[in-house]
Each structure stands twice: as structure tokens, then as C-alpha cells.
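Peer 1: Pasting entry04.txt below, which is compact mmCIF, C-alpha atoms.
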```txt
# COMPACT_ATOMS: atom_id res chain seq x y z
CA MET H 1 -11.96 -17.25 -8.87
CA PRO H 2 -8.31 -17.18 -10.06
CA HIS H 3 -7.00 -13.88 -11.33
CA GLU H 4 -4.13 -14.84 -13.65
CA HIS H 5 -5.27 -14.99 -17.30
CA ASN H 6 -8.74 -13.81 -16.34
CA GLY H 7 -11.19 -12.51 -18.91
CA VAL H 8 -10.80 -8.88 -17.89
CA SER H 9 -7.02 -8.81 -18.37
CA LEU H 10 -6.92 -11.18 -21.37
CA LEU H 11 -9.32 -9.00 -23.38
CA GLY H 12 -8.32 -5.66 -21.86
CA LEU H 13 -11.98 -5.13 -20.93
CA PRO H 14 -12.95 -1.50 -20.41
CA GLU H 15 -14.60 -0.69 -17.08
CA ALA H 16 -18.01 -0.23 -18.73
CA ALA H 17 -17.97 -3.82 -20.03
CA ARG H 18 -17.05 -5.48 -16.72
CA GLN H 19 -19.52 -7.50 -14.67
CA GLN H 20 -19.38 -9.54 -11.48
CA HIS H 21 -22.28 -11.99 -11.30
CA ARG H 22 -22.37 -15.57 -10.10
CA ILE H 23 -24.06 -18.03 -12.45
CA THR H 24 -25.69 -21.09 -10.94
CA LYS H 25 -24.90 -24.55 -12.27
CA LYS H 26 -28.65 -25.05 -12.59
CA MET H 27 -28.82 -22.18 -15.06
CA LEU H 28 -26.01 -23.64 -17.18
CA ALA H 29 -27.51 -27.14 -17.07
CA ALA H 30 -31.15 -26.10 -17.58
CA GLN H 31 -31.02 -26.17 -21.39
CA PHE H 32 -30.01 -29.85 -21.38
CA GLU H 33 -32.16 -31.34 -18.61
CA ASP H 34 -35.00 -32.47 -20.89
CA GLN H 35 -33.24 -33.51 -24.11
CA THR H 36 -29.82 -34.71 -22.88
CA PRO H 37 -29.90 -35.25 -19.09
CA ALA H 38 -26.41 -36.80 -19.16
CA ASP H 39 -25.04 -33.43 -20.33
CA ALA H 40 -26.91 -31.64 -17.54
CA ARG H 41 -25.41 -34.07 -15.01
CA LEU H 42 -21.92 -33.52 -16.43
CA ILE H 43 -22.22 -29.74 -16.00
CA THR H 44 -23.44 -30.20 -12.42
CA LYS H 45 -20.56 -32.58 -11.65
CA ALA H 46 -17.72 -30.82 -13.48
CA VAL H 47 -18.40 -27.12 -12.79
CA THR H 48 -17.66 -25.98 -9.24
CA LEU H 49 -18.06 -22.24 -9.82
CA ALA H 50 -19.21 -20.03 -12.70
CA GLN H 51 -19.48 -16.29 -13.11
CA LEU H 52 -20.09 -13.59 -15.67
CA VAL H 53 -17.13 -11.17 -15.73
CA GLY H 54 -18.05 -9.06 -18.73
CA ILE H 55 -20.52 -8.34 -21.51
CA LEU H 56 -19.34 -6.92 -24.81
CA ARG H 57 -22.03 -4.61 -26.19
CA PRO H 58 -21.93 -1.78 -28.74
CA GLU H 59 -22.37 0.77 -25.94
CA THR H 60 -19.71 -0.77 -23.65
CA ILE H 61 -16.92 -1.39 -26.19
CA GLN H 62 -17.89 1.10 -28.93
CA VAL H 63 -18.24 -1.53 -31.66
CA PRO H 64 -21.38 -1.61 -33.88
CA LYS H 65 -23.83 -4.51 -33.62
CA HIS H 66 -23.90 -7.10 -36.38
CA GLN H 67 -27.01 -8.10 -38.28
CA ASP H 68 -27.47 -10.12 -41.46
CA ILE H 69 -29.67 -12.97 -42.71
CA GLU H 70 -27.58 -15.55 -40.83
CA ARG H 71 -27.23 -13.93 -37.40
CA THR H 72 -27.60 -10.94 -35.14
CA VAL H 73 -24.84 -10.20 -32.63
CA VAL H 74 -25.61 -7.47 -30.11
CA ASP H 75 -23.82 -8.84 -27.05
CA ILE H 76 -21.05 -11.31 -26.22
CA PRO H 77 -20.82 -12.59 -22.63
CA VAL H 78 -17.43 -13.27 -21.04
CA LEU H 79 -17.70 -16.20 -18.63
CA GLU H 80 -15.32 -17.91 -16.24
CA VAL H 81 -15.78 -21.40 -14.83
CA VAL H 82 -13.77 -23.38 -12.31
CA LEU H 83 -13.72 -27.10 -13.12
CA ALA H 84 -13.70 -29.79 -10.46
CA ASP H 85 -10.67 -31.91 -9.59
CA LYS H 86 -10.37 -35.13 -11.59
CA THR H 87 -12.40 -33.79 -14.51
CA THR H 88 -11.03 -35.71 -17.51
CA ALA H 89 -9.69 -33.92 -20.60
CA ALA H 90 -12.63 -35.22 -22.64
CA ASP H 91 -15.13 -33.96 -20.05
CA ARG H 92 -13.39 -30.56 -19.92
CA THR H 93 -13.81 -30.18 -23.68
CA ARG H 94 -17.40 -31.40 -23.51
CA VAL H 95 -18.32 -28.96 -20.72
CA THR H 96 -16.89 -25.98 -22.61
CA GLU H 97 -18.84 -27.03 -25.73
CA LEU H 98 -22.03 -27.31 -23.67
CA VAL H 99 -21.59 -23.78 -22.29
CA HIS H 100 -21.26 -22.42 -25.84
CA ARG H 101 -24.32 -24.41 -26.93
CA SER H 102 -26.39 -23.23 -23.96
CA MET H 103 -26.58 -19.66 -25.26
CA ALA H 104 -27.90 -18.17 -28.49
CA LYS H 105 -24.88 -15.93 -28.99
CA PRO H 106 -21.08 -16.04 -29.27
CA VAL H 107 -19.41 -16.63 -25.90
CA VAL H 108 -15.90 -16.03 -24.53
CA LEU H 109 -15.21 -18.73 -21.94
CA LEU H 110 -12.26 -19.14 -19.60
CA ALA H 111 -11.99 -22.49 -17.82
CA TYR H 112 -9.78 -22.83 -14.75
CA MET H 113 -8.33 -26.31 -14.19
CA SER H 114 -7.45 -27.92 -10.88
CA ASP H 115 -3.75 -28.00 -11.89
CA GLY H 116 -3.68 -24.20 -11.99
CA THR H 117 -3.80 -23.84 -15.78
CA THR H 118 -6.37 -21.77 -17.66
CA SER H 119 -7.93 -22.54 -21.04
CA LEU H 120 -9.67 -20.11 -23.37
CA SER H 121 -12.62 -21.66 -25.21
CA LEU H 122 -14.16 -20.02 -28.29
CA ALA H 123 -16.69 -21.29 -30.82
CA ILE H 124 -17.98 -20.24 -34.20
CA SER H 125 -21.68 -21.02 -33.83
CA HIS H 126 -25.17 -20.16 -35.02
CA VAL H 127 -28.56 -20.10 -33.32
CA SER H 128 -30.19 -23.53 -33.45
CA ARG H 129 -32.89 -23.67 -36.12
CA THR H 130 -34.48 -26.73 -34.52
CA ASP H 131 -34.83 -25.08 -31.10
CA PRO H 132 -38.35 -23.57 -30.99
CA THR H 133 -37.23 -21.12 -28.30
CA ARG H 134 -34.19 -19.99 -30.37
CA SER H 135 -32.22 -19.92 -27.12
CA THR H 136 -29.41 -22.37 -27.92
CA SER H 137 -26.59 -22.58 -30.45
CA VAL H 138 -25.12 -25.15 -32.82
CA ILE H 139 -21.30 -25.20 -32.89
CA ASP H 140 -19.69 -25.03 -36.33
CA ALA H 141 -16.11 -25.02 -35.02
CA HIS H 142 -14.65 -25.01 -31.51
CA VAL H 143 -11.15 -24.29 -30.23
CA VAL H 144 -9.62 -24.51 -26.76
CA VAL H 145 -6.27 -22.76 -26.24
CA PRO H 146 -4.03 -22.69 -23.15
CA ALA H 147 -4.31 -19.06 -22.04
CA GLY H 148 -0.75 -19.02 -20.70
CA GLN H 149 0.80 -19.38 -24.16
CA ILE H 150 -1.20 -16.63 -25.87
CA LYS H 151 0.99 -13.63 -26.70
CA SER H 152 0.42 -10.97 -24.04
CA GLY H 153 -1.98 -8.22 -25.13
CA SER H 154 -2.79 -9.84 -28.48
CA LEU H 155 -6.46 -10.38 -27.58
CA HIS H 156 -7.09 -6.87 -26.24
CA LEU H 157 -10.27 -5.59 -27.84
CA ASP H 158 -8.62 -2.45 -29.20
CA ARG H 159 -6.28 -4.65 -31.31
CA LEU H 160 -9.02 -6.71 -32.93
CA ASP H 161 -11.25 -6.04 -35.96
CA ARG H 162 -13.77 -3.48 -34.71
CA SER H 163 -15.95 -3.22 -37.85
CA ASP H 164 -18.81 -4.91 -35.97
CA MET H 165 -19.47 -7.37 -33.12
CA TRP H 166 -19.30 -10.52 -35.26
CA ALA H 167 -16.11 -9.38 -37.00
CA LEU H 168 -14.59 -8.70 -33.57
CA TYR H 169 -15.48 -12.18 -32.29
CA ARG H 170 -14.18 -13.94 -35.41
CA ASP H 171 -10.93 -11.99 -35.17
CA LEU H 172 -10.68 -13.00 -31.50
CA VAL H 173 -11.09 -16.66 -32.53
CA ARG H 174 -8.56 -16.35 -35.37
CA THR H 175 -5.96 -14.67 -33.16
CA ALA H 176 -6.45 -16.99 -30.18
CA ALA H 177 -6.23 -20.13 -32.34
CA ALA H 178 -2.75 -18.95 -33.37
CA ASP H 179 -1.70 -18.08 -29.79
CA GLY H 180 -1.85 -14.38 -30.63
CA ARG H 181 0.54 -14.76 -33.59
CA PRO H 182 -1.56 -15.52 -36.69
CA ALA H 183 0.35 -16.00 -39.94
CA SER H 184 -1.50 -13.26 -41.78
CA THR H 185 -4.57 -11.06 -41.71
CA THR H 186 -6.03 -13.17 -44.54
CA LEU H 187 -6.25 -16.25 -42.29
CA GLN H 188 -9.94 -16.78 -41.53
CA ALA H 189 -11.25 -17.84 -38.11
CA ILE H 190 -12.61 -21.19 -39.33
CA ASP H 191 -9.32 -21.97 -41.11
CA ALA H 192 -7.28 -21.01 -38.05
CA ILE H 193 -9.31 -23.44 -35.93
CA ALA H 194 -8.81 -26.23 -38.49
CA LEU H 195 -5.05 -25.58 -38.61
CA ARG H 196 -4.83 -25.50 -34.82
CA ARG H 197 -6.72 -28.78 -34.46
CA GLY H 198 -4.62 -30.40 -37.18
CA LEU H 199 -1.41 -29.22 -35.51
CA THR H 200 -2.53 -30.56 -32.12
CA ASP H 201 -3.41 -33.93 -33.69
CA LEU H 202 -0.02 -34.15 -35.43
CA GLU H 203 1.85 -33.32 -32.21
CA THR H 204 -0.13 -35.93 -30.28
CA GLU H 205 0.65 -38.50 -32.95
CA LEU H 206 4.35 -37.56 -32.89
CA THR H 207 4.50 -38.07 -29.12
CA THR H 208 2.98 -41.55 -29.52
CA VAL H 209 5.31 -42.54 -32.39
CA ILE H 210 8.42 -41.36 -30.47
CA ARG H 211 7.32 -43.41 -27.46
CA ASP H 212 6.67 -46.48 -29.60
CA ALA H 213 10.06 -46.11 -31.30
CA ARG H 214 11.84 -46.06 -27.94
CA GLN H 215 9.98 -49.18 -26.81
CA ALA H 216 10.30 -51.12 -30.09
CA LYS H 217 12.53 -54.19 -29.77
CA ASN H 218 12.61 -55.01 -33.48
CA GLN H 219 15.19 -52.95 -35.40
CA GLN H 220 13.14 -52.85 -38.61
CA ARG H 221 10.14 -51.55 -36.62
CA ARG H 222 12.34 -48.85 -35.04
CA ILE H 223 13.53 -47.74 -38.48
CA GLU H 224 9.93 -47.52 -39.72
CA LEU H 225 8.86 -45.50 -36.69
CA ASN H 226 11.85 -43.16 -36.96
CA THR H 227 10.96 -42.54 -40.62
CA GLN H 228 7.39 -41.81 -39.54
CA THR H 229 8.77 -39.39 -36.91
CA ARG H 230 10.66 -37.41 -39.56
CA THR H 231 7.55 -37.23 -41.76
CA LEU H 232 5.44 -36.00 -38.85
CA ARG H 233 8.01 -33.35 -37.90
CA ALA H 234 7.95 -32.03 -41.46
CA GLN H 235 4.13 -31.95 -41.43
CA ILE H 236 4.18 -30.10 -38.09
CA GLU H 237 6.56 -27.47 -39.48
CA ARG H 238 4.25 -26.93 -42.47
CA ALA H 239 1.21 -26.62 -40.19
CA LYS H 240 3.03 -24.14 -37.97
CA GLY H 241 4.08 -22.13 -40.99
CA ALA H 242 0.47 -21.91 -42.17
CA LEU H 243 -0.80 -20.94 -38.71
CA TYR H 244 2.02 -18.76 -37.37
CA GLY H 245 3.90 -17.71 -40.48
CA THR H 246 7.43 -18.63 -41.54
CA GLY H 247 9.11 -16.92 -38.60
CA HIS H 248 7.34 -18.93 -35.88
CA LYS H 249 9.53 -19.14 -32.77
CA HIS H 250 7.29 -20.88 -30.27
CA ASP H 251 6.02 -24.39 -29.76
CA VAL H 252 2.45 -25.44 -29.16
CA THR H 253 2.09 -28.02 -26.44
```
Just give me the structure of the file as C-alpha cells.

Peer 2:
Amino acid sequence: MPHEHNGVSLLGLPEAARQQHRITKKMLAAQFEDQTPADARLITKAVTLAQLVGILRPETIQVPKHQDIERTVVDIPVLEVVLADKTTAADRTRVTELVHRSMAKPVVLLAYMSDGTTSLSLAISHVSRTDPTRSTSVIDAHVVVPAGQIKSGSLHLDRLDRSDMWALYRDLVRTAAADGRPASTTLQAIDAIALRRGLTDLETELTTVIRDARQAKNQQRRIELNTQTRTLRAQIERAKGALYGTGHKHDVT
């Protein structure tokens, strides 16, 4: 299992919260074998190695449990998975979503890619009300962030909201979605995810428009695309301002 950007260092996990347990692919896939066998097959194909590296509990990180009508949060597992070579971007996203769905609790997931990069996957979720066993989750919002561009130390547990376990996880999501540099403390986790996804979509669109403009043979078409490029750049700056604040100095790729 790779060590750079691992869950222990990314979160600054105290010794008491650290674990070292292999997780079988069968265990990850088990929740999907009956209802959605294609998802179970994807997990089996795409995951080469999985392990539990930590469990956040009130007694291990000194943060109170959370309990209200909506949810109870008494523990948050920290998992790491190594994904197989040639796993497509869509399958990578799907696999991380499936891992979040496979558990009835918030999960911190690090996914190691074959190209050496690491992604941090987080999800705002709730326990499935249609699952009679209450052992799976429904995802309300999901974000995947390249771990290498998150500001060093920004996700350490002692820097996050420690009012209770759910507040801590939501603050982790909010901070990670903004690469460790959220615009303000008033930015909510769900809004940070929406801004991050919107920003990523705009940047993808900009890349496509720039490419099309270079390839366009018709001058009028080039002018239209260049105008569209300027509009997109302005929209990207606004999105970055909302996510990172006015003094943002880094680019999201």
C-alpha cells in the first residue's frame, strides 16, 4: 500500500485511532451481489487491494458521538484501496461511490491509482431507509479530490470542527472540497461539493472549447469559440472566488 498521502498522515491520525486490517474484495462486494451484481463484479475487477487504516471514534479522537432524528454517528472508518491498471475514470468514481454506499456510516476513502496519484473520496450520506438490514447508505453528495493538491495539514483532525462526529466529518468534506482552502467558515459541506463539481465541469468545458477553437477552420466559428472561452474563464474565476475566497492562488486541475 503506498505511503504518500495515506490516511494516517492526511488526517494526522492519533495512534489510538490507527488500524491495520486487510479487507477482502468479497466483503466490499457482498452488499451488491443480490441486487446489482454488475456493481459487485466491478468492485471485484477494479479493486486490487483494500485495507482499514483507521477508525475515528469518540474514545480514539476525543470527539463526542452525534445523534439526532436523522442519523447516529459513532464511528468513521478510514479506508484505502488500490485500483487496478486500466480502470477507467468513470469506473474509479463508481467504485468509490459503491464503497461509501456499502456501509451505514460516513467513510473516509483514499484510492490509489495505477499512475501513482491518490484521490480522496468523501460523501454526505444517510442510512438507506429501504434497506431492511439498515446496513447500507444512500449518497446525497459525493466529491473526489486529488490528495496531492490539498493544502498540507489542512485535514488534520485537530484543525476541524470537533463539536461532534458528524460536524467533524462535514467539516472534513467542506475543507477537502476546497483543497484545504475554503473561502469561509460559513461555506457548508453540501455547498462546497456543489461548487467543486461546478468548477470541475467548467474547467472541462473550457479545455474542450479551447481545443475546438484551435481546430476550427472557419474564422467566424473561431471568433464564437474564443468569445465562449472568455465567458467560461470569467465563470471559473467566480466559482473559484466562491470556493476559495478572493485571494485564491492555486489552480484546480

Peer 1: Would you please work out which residue, of H:Ala177, H:Val73, H:Ala123, H:Leu52, is nearest to Ile193 in chain H when using only C-alpha atoms?

Peer 2: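 The answer is H:Ala177, which sits nearest to Ile193 in chain H.
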
Peer 1: Within 10 Å of range 69-72 of chain H, counting all atoms listed in the file, which residues qualify if same-chain residues fewer than 4 places away don't, as a list in words?

Peer 2: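 After dropping sequence-adjacent residues, the list is Lys65, Ala104, Lys105, Ser125, His126, Val127, Met165 and Trp166 of chain H.
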
Peer 1: Ranking H:Thr88, H:Asn226, H:Gln149, H:Thr44 by minimum distance to Ala29 in chain H and counting all atoms listed in the file, which one comes first?

Peer 2: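 Going through H:Thr88, H:Asn226, H:Gln149, H:Thr44 one by one, the smallest distance to Ala29 in chain H is for H:Thr44.
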
Peer 1: Could you tell me how far CA of Ile236 in chain H lies from CA of Ala216 in chain H, in Å and to one decimal?

Peer 2: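 About the pair CA of Ile236 in chain H and CA of Ala216 in chain H: they are 23.3 Å apart.
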
Peer 1: With distances taken over all atoms listed in the file, which residue among H:Asp212, H:Asp158, H:Asp131, H:Glu203 lies nearest Asp171 in chain H?

Peer 2: H:Asp158

Peer 1: Under the rule that all atoms listed in the file are counted, which of H:Asp34, H:Arg22, H:Ala84, H:Leu195 is the nearest residue to Thr48 in chain H?

Peer 2: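 Closest residue, counting all atoms listed in the file: H:Ala84.
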
Peer 1: Might you pull out every residue within 10 Å of Val63 in chain H, with all atoms listed in the file counted and same-chain residues fewer than 6 positions away left off, and present them as a JSON list (two decimals) with C-alpha atoms, keeping the file's coordinate frame?

Peer 2:
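The resulting file, out02.json, is reproduced below:
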```json
[["chain", "number", "residue", "atom", "x", "y", "z"],
["H", 56, "LEU", "CA", -19.34, -6.92, -24.81],
["H", 57, "ARG", "CA", -22.03, -4.61, -26.19],
["H", 74, "VAL", "CA", -25.61, -7.47, -30.11],
["H", 157, "LEU", "CA", -10.27, -5.59, -27.84],
["H", 158, "ASP", "CA", -8.62, -2.45, -29.20],
["H", 161, "ASP", "CA", -11.25, -6.04, -35.96],
["H", 162, "ARG", "CA", -13.77, -3.48, -34.71],
["H", 163, "SER", "CA", -15.95, -3.22, -37.85],
["H", 164, "ASP", "CA", -18.81, -4.91, -35.97],
["H", 165, "MET", "CA", -19.47, -7.37, -33.12],
["H", 166, "TRP", "CA", -19.30, -10.52, -35.26],
["H", 167, "ALA", "CA", -16.11, -9.38, -37.00],
["H", 168, "LEU", "CA", -14.59, -8.70, -33.57]]
```

Peer 1: When you look at Ala176 in chain H with a cut-off of 10 Å (counting all atoms listed in the file), what residues show up, excluding the ones that are within fewer than 3 positions of it in the same chain? I need them as a list in words.

Peer 2: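 Non-adjacent residues within range: Leu120, Ser121, Leu122, Val143, Val144, Val145, Pro146, Ala147, Gln149, Ile150, Lys151, Ser154, Leu155, Arg170, Asp171, Leu172, Val173, Asp179, Gly180, Arg181, Pro182, Ala189, Ala192, Ile193 and Arg196 of chain H.
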
Peer 1: Using all atoms listed in the file, which residue out of H:Ser102, H:Gln220, H:Leu199, H:Thr96 lies closest to Ala234 in chain H?

Peer 2: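 Ranking H:Ser102, H:Gln220, H:Leu199, H:Thr96 by distance to Ala234 in chain H, first place goes to H:Leu199.
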
Peer 1: Around the point (-14.2, -18.1, -18.4) in the file's coordinates, collect all residues with an atom within 12 Å, using all atoms listed in the file, and return them as a ChimeraX atom specification.

Peer 2: /H:1-11,22-23,47,49-54,77-83,95-96,99-100,107-113,118-122,144,147

Peer 1: Take CA of Ser135 in chain H and CA of Ile76 in chain H and report the distance between them in Å, one decimal.

Peer 2: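 Those two atoms sit 14.1 Å apart.
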
Peer 1: Using Å and a single decimal, report how far CA of Gly12 in chain H sits from CA of Gln62 in chain H.

Peer 2: 13.7 Å

Peer 1: Please determine, counting only C-alpha atoms, which residue among H:Leu42, H:Ala30, H:Ala242, H:Leu13 has the shortest atom-to-atom distance to Leu187 in chain H.

Peer 2: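 So, comparing all the options, the nearest one is H:Ala242.
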
Peer 1: Using the file's own x, y and z axes, what box holds all listed atoms of range 19-33 of chain H with 5 Å on each side, keeping edges along x, y and z, and what are its centre and edge lengths in Å to one decimal, as JSON?

Peer 2:
```
{"center_x": -25.8, "center_y": -19.4, "center_z": -15.7, "size_x": 22.8, "size_y": 33.8, "size_z": 21.3}
```

Peer 1: Residues around (-20.3, -31.9, -19.6), cut-off 7 Å, counting only C-alpha atoms - what are they as a list of chain:residue names?

Peer 2: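 In the file's frame, the residues around the point are H:Asp39, H:Ala40, H:Leu42, H:Ile43, H:Ala46, H:Asp91, H:Arg94, H:Val95, H:Leu98.
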